[in-house]
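Below is one structure; the comments refer to it alone.
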Amino acid sequence: MQSPTSPRSWRAALLADGAHLRLASIGLALLALATLAIYWPGLNGPFLLDDGVTFPPIQRWLAGQASLAEAVLGRGSQLTARPVAMASFALSAMLGGDTPFSFKLGNLILHVLCGLLVWQLVRRLLELDPRLAARAPFLATIASGLWLLHPIQVSTVLYSVQRMAQLSTALVLAAVLLYLLARRELAEGRVRSALFKLFVTFPLLVVLGLLSKQNAAVAPLICLAIELSYFGLAGKGPVRAFFAAFVLLPGTAVLASLLLAPDWLLGGYAEWDFSPMQRLLSEARALTSYLGLILWPRGPGMGVYTDDFALSTGLFSPPATALSVLALLAASAGAAYWRKAAPSLCAGWFAFLAAHAVESSLLPVELYYEHRNYLPLTGLVLAAVGATALLPAGATTRKTYPMRLAGAALVVIVALATVTAGRVSVWRSLDSISAEGLREHPHSLRAIYDRGNVLLARGDIQGNLALMVSLAASEDPRHRLLGRLHVIRARCDAGLPVVRADYAGIAPLLLPKLTIFELQAMRSLAVTQQRRGCAIAAHELGDLIAQAAETAGAQPESARPKWLVRLLAAETYARAGNLAAAETQARIGWSASGDLPTGVLLAKILAARGAREDAARIWLELDSRIKPYDSLGRSELAQIRAMLTAPAP
């Protein structure tokens, strides 16, 4: 018997590894082609939801009406503007135009590239798993296939704006791969190269990820899950310094901010109808719901219309909350118990949880979105192939084992691909997306709105009106208010007479807290009233919008929906010629938010009313804050300056 270190056995092992890699490369190529073929019919699907507010700067740049810097960097902070993602959208628009096909094709290409990164990461992790190292390329190919062709990915790949999540995922995967390379270099004594990767290149990749989408902040936590699962934090000084710098210090800063300045992270709860504790409880149910969709995907129940996800108001309200918490704790305990026998299972499970640490924790954002699983699914596919380490040794040493495992994996991947193809066919038009969404989520406001827009586009005015009437009859007070607003808008838009009693009945329905949905409904009504006239005067609509802000006493003026409603009221009053009322609303909104468009409107109103000194003071502040490349903002400043320098009437 040859020694494992003899030249002959070493060459045989190298040849065997090469054969495995060649087979894996063929498998990856076939998976990539299958992914491209399955997703291709959906590339001409529509823009959806946030696409409508994300792409106008790109479209203005493409039309020569804005600079590239304006399109990429936006008007706010560079972090919230997500300039890396916006730059990629600009590249897509430059190469293929500003059509859905162009953006979705870019998403599909990026999806395939992310699948290759998943393969690389899973392979390198499995090489650390003693029982699975020999089959690492083979198992990584299975994991990559599960990841690429799972139907939960459709609502990321074919929802154009979610390239932000894709880019963030790609950069996090690259950062974690880099961490593994540095870990190997430390073991080999190449300390200088490892330190450069850990403390220069790794944070650079994470920053680029953050500038794509903020959930890239989870990268160090995923590294920690890997470190504890495979190494038990046995690393020496550089490894401990890495986690002190990128996990301990940021964690301490977050905890300190929660204790000393909670509004920095939690101020956004003023926009939502839930508390931080209610969100945490709800996220336990969200995580188990995601797991259910991943383990047993039901195509029609998937999609973007998840704003109807029920809130957990207590540990037993609903009872599924407590069951979800127990299930997550049990799964975590099991993964920890099997750490030594199946480290990849342990690493994958805790990487899944770590990847959800930003969007499924305390941050005040919407409760549920499928696309939040784009990165976490990497952990679950690692756990799935890692669980094969728990099979009896006798079963895995049989010659037929690889073929049996490959056959079982192929059946699962084909089944997933079939469901994915069905989802892609639905995503080819807003008609099919909204029809299925409304059928599966009848209480989703987004599904109702999109379905109503489809009906309007096909000229079915009565169908749209009936949909809004049914919303107005809801038992939910917020839905009832929104339905009433949309009924008036629908009648106005259709040229039908507006029932004054319907309009007068809105005021008693106003709520103590405004959300983005009320803002959208009132803005839509204001746009329709301006275009169609209706039987409602602009000053009456201004009164209603201002009353909505006054009624929202449960919110501070700094809550985003509230000051945006103030801005809408000011715009509506100004259009009606009531500059005094417009000034009042704009002043409140400007003081509460410092929002640039609100400041611009206030300065114009003051200049029009002859209060030039006040207008000039606001102009100076705006001039210091509006970026040099912001053509819209600079144009507004020029208009205000012209008003200030014009001869007094």
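How things are named: the first chain in the structure tokens is A, the next is B, and so on; residues count from 1 in each chain; ligands count from 1 in the order shown.
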Residues of region 183-408 of chain A in alpha helix (DSSP H), written as a count of residues only: 125
Close residues, region 206-213 of chain A itself excluded, 12 Å, only C-alpha atoms, min 4 positions apart in chain, as a VMD selection string: chain A and resid 72 to 73 77 to 89 161 to 176 178 to 179 198 to 202 217 to 221 246 358 to 359 372 375
Interatomic distance (Å, one decimal) between CA of Ser444 (chain A) and CA of Glu518 (chain A): 14.3 Å
Coordinates-based distance that separates CA of Leu287 (chain A) from CA of Phe138 (chain A) (Å, one decimal): 29.0 Å
For region 254-263 of chain A: contacts at 12 Å, only C-alpha atoms, fewer than 5 positions along chain excluded, given as a list in words: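 After dropping sequence-adjacent residues, the list is Val247, Leu248, Leu249, Gly268, Tyr269, Ala270, Pro276, Val358, Leu362, Leu363, Pro364, Pro556, Ser558 and Ala559 of chain A.
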Mind dumping the selected residues with N, CA and C atoms as a compact mmCIF listing (two decimals), in the first residue's frame?
```txt
# COMPACT_ATOMS: atom_id res chain seq x y z
N VAL A 247 -16.54 43.00 14.36
CA VAL A 247 -17.75 42.50 15.01
C VAL A 247 -17.94 43.15 16.38
N LEU A 248 -16.92 43.07 17.23
CA LEU A 248 -17.05 43.58 18.60
C LEU A 248 -17.25 45.09 18.63
N LEU A 249 -16.38 45.83 17.93
CA LEU A 249 -16.50 47.30 17.97
C LEU A 249 -17.80 47.79 17.34
N GLY A 268 -37.17 55.54 12.86
CA GLY A 268 -38.05 55.21 11.75
C GLY A 268 -39.32 54.49 12.16
N TYR A 269 -39.41 54.02 13.41
CA TYR A 269 -40.63 53.36 13.85
C TYR A 269 -41.82 54.30 13.88
N ALA A 270 -41.55 55.60 13.85
CA ALA A 270 -42.66 56.56 13.78
C ALA A 270 -43.45 56.41 12.49
N PRO A 276 -40.60 48.07 18.13
CA PRO A 276 -39.42 47.22 17.93
C PRO A 276 -39.63 45.78 18.41
N VAL A 358 -29.46 42.06 9.62
CA VAL A 358 -29.80 43.48 9.42
C VAL A 358 -31.28 43.65 9.14
N LEU A 362 -33.92 44.58 14.40
CA LEU A 362 -34.60 45.73 15.00
C LEU A 362 -34.83 46.90 14.04
N LEU A 363 -34.19 46.89 12.90
CA LEU A 363 -34.30 48.06 12.03
C LEU A 363 -35.74 48.28 11.60
N PRO A 364 -36.21 49.54 11.60
CA PRO A 364 -37.60 49.84 11.27
C PRO A 364 -37.86 49.83 9.77
N PRO A 556 -44.28 62.19 15.56
CA PRO A 556 -43.55 63.46 15.54
C PRO A 556 -43.55 64.05 14.14
N SER A 558 -41.14 64.90 12.55
CA SER A 558 -39.97 64.42 11.83
C SER A 558 -40.19 63.08 11.15
N ALA A 559 -41.34 62.42 11.43
CA ALA A 559 -41.63 61.15 10.75
C ALA A 559 -41.76 61.41 9.25
```
Spatial neighbours of region 589-598 of chain A, 8 Å, only C-alpha atoms, chain gap at least 3 places, as number ranges by chain: A: 557-558, 560, 563-564, 566-567, 585-586, 601-602, 622, 626
Pick from A:Ile226, A:Thr35, A:Ala71, A:Asp50 nearest to Leu632 (chain A), counting only C-alpha atoms: A:Ala71
Å distance separating CA of Met403 (chain A) from CA of Leu21 (chain A), one decimal place: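 Pair CA of Met403 (chain A) / CA of Leu21 (chain A) returns 16.6 Å.
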Residue nearest Val122 (chain A) among A:Thr396, A:Ser289, A:Ser344, A:Gln214 (counting only C-alpha atoms): A:Ser344
Contacts of region 140-147 of chain A within 10 Å, only C-alpha atoms, excl. fewer than 4 positions in-chain, as number ranges by chain: A: 21, 23-28, 30-32, 34-35, 111-112, 114-126, 135-136, 151-153, 374-375, 377-386, 405-406, 409-410, 412-414, 416-417
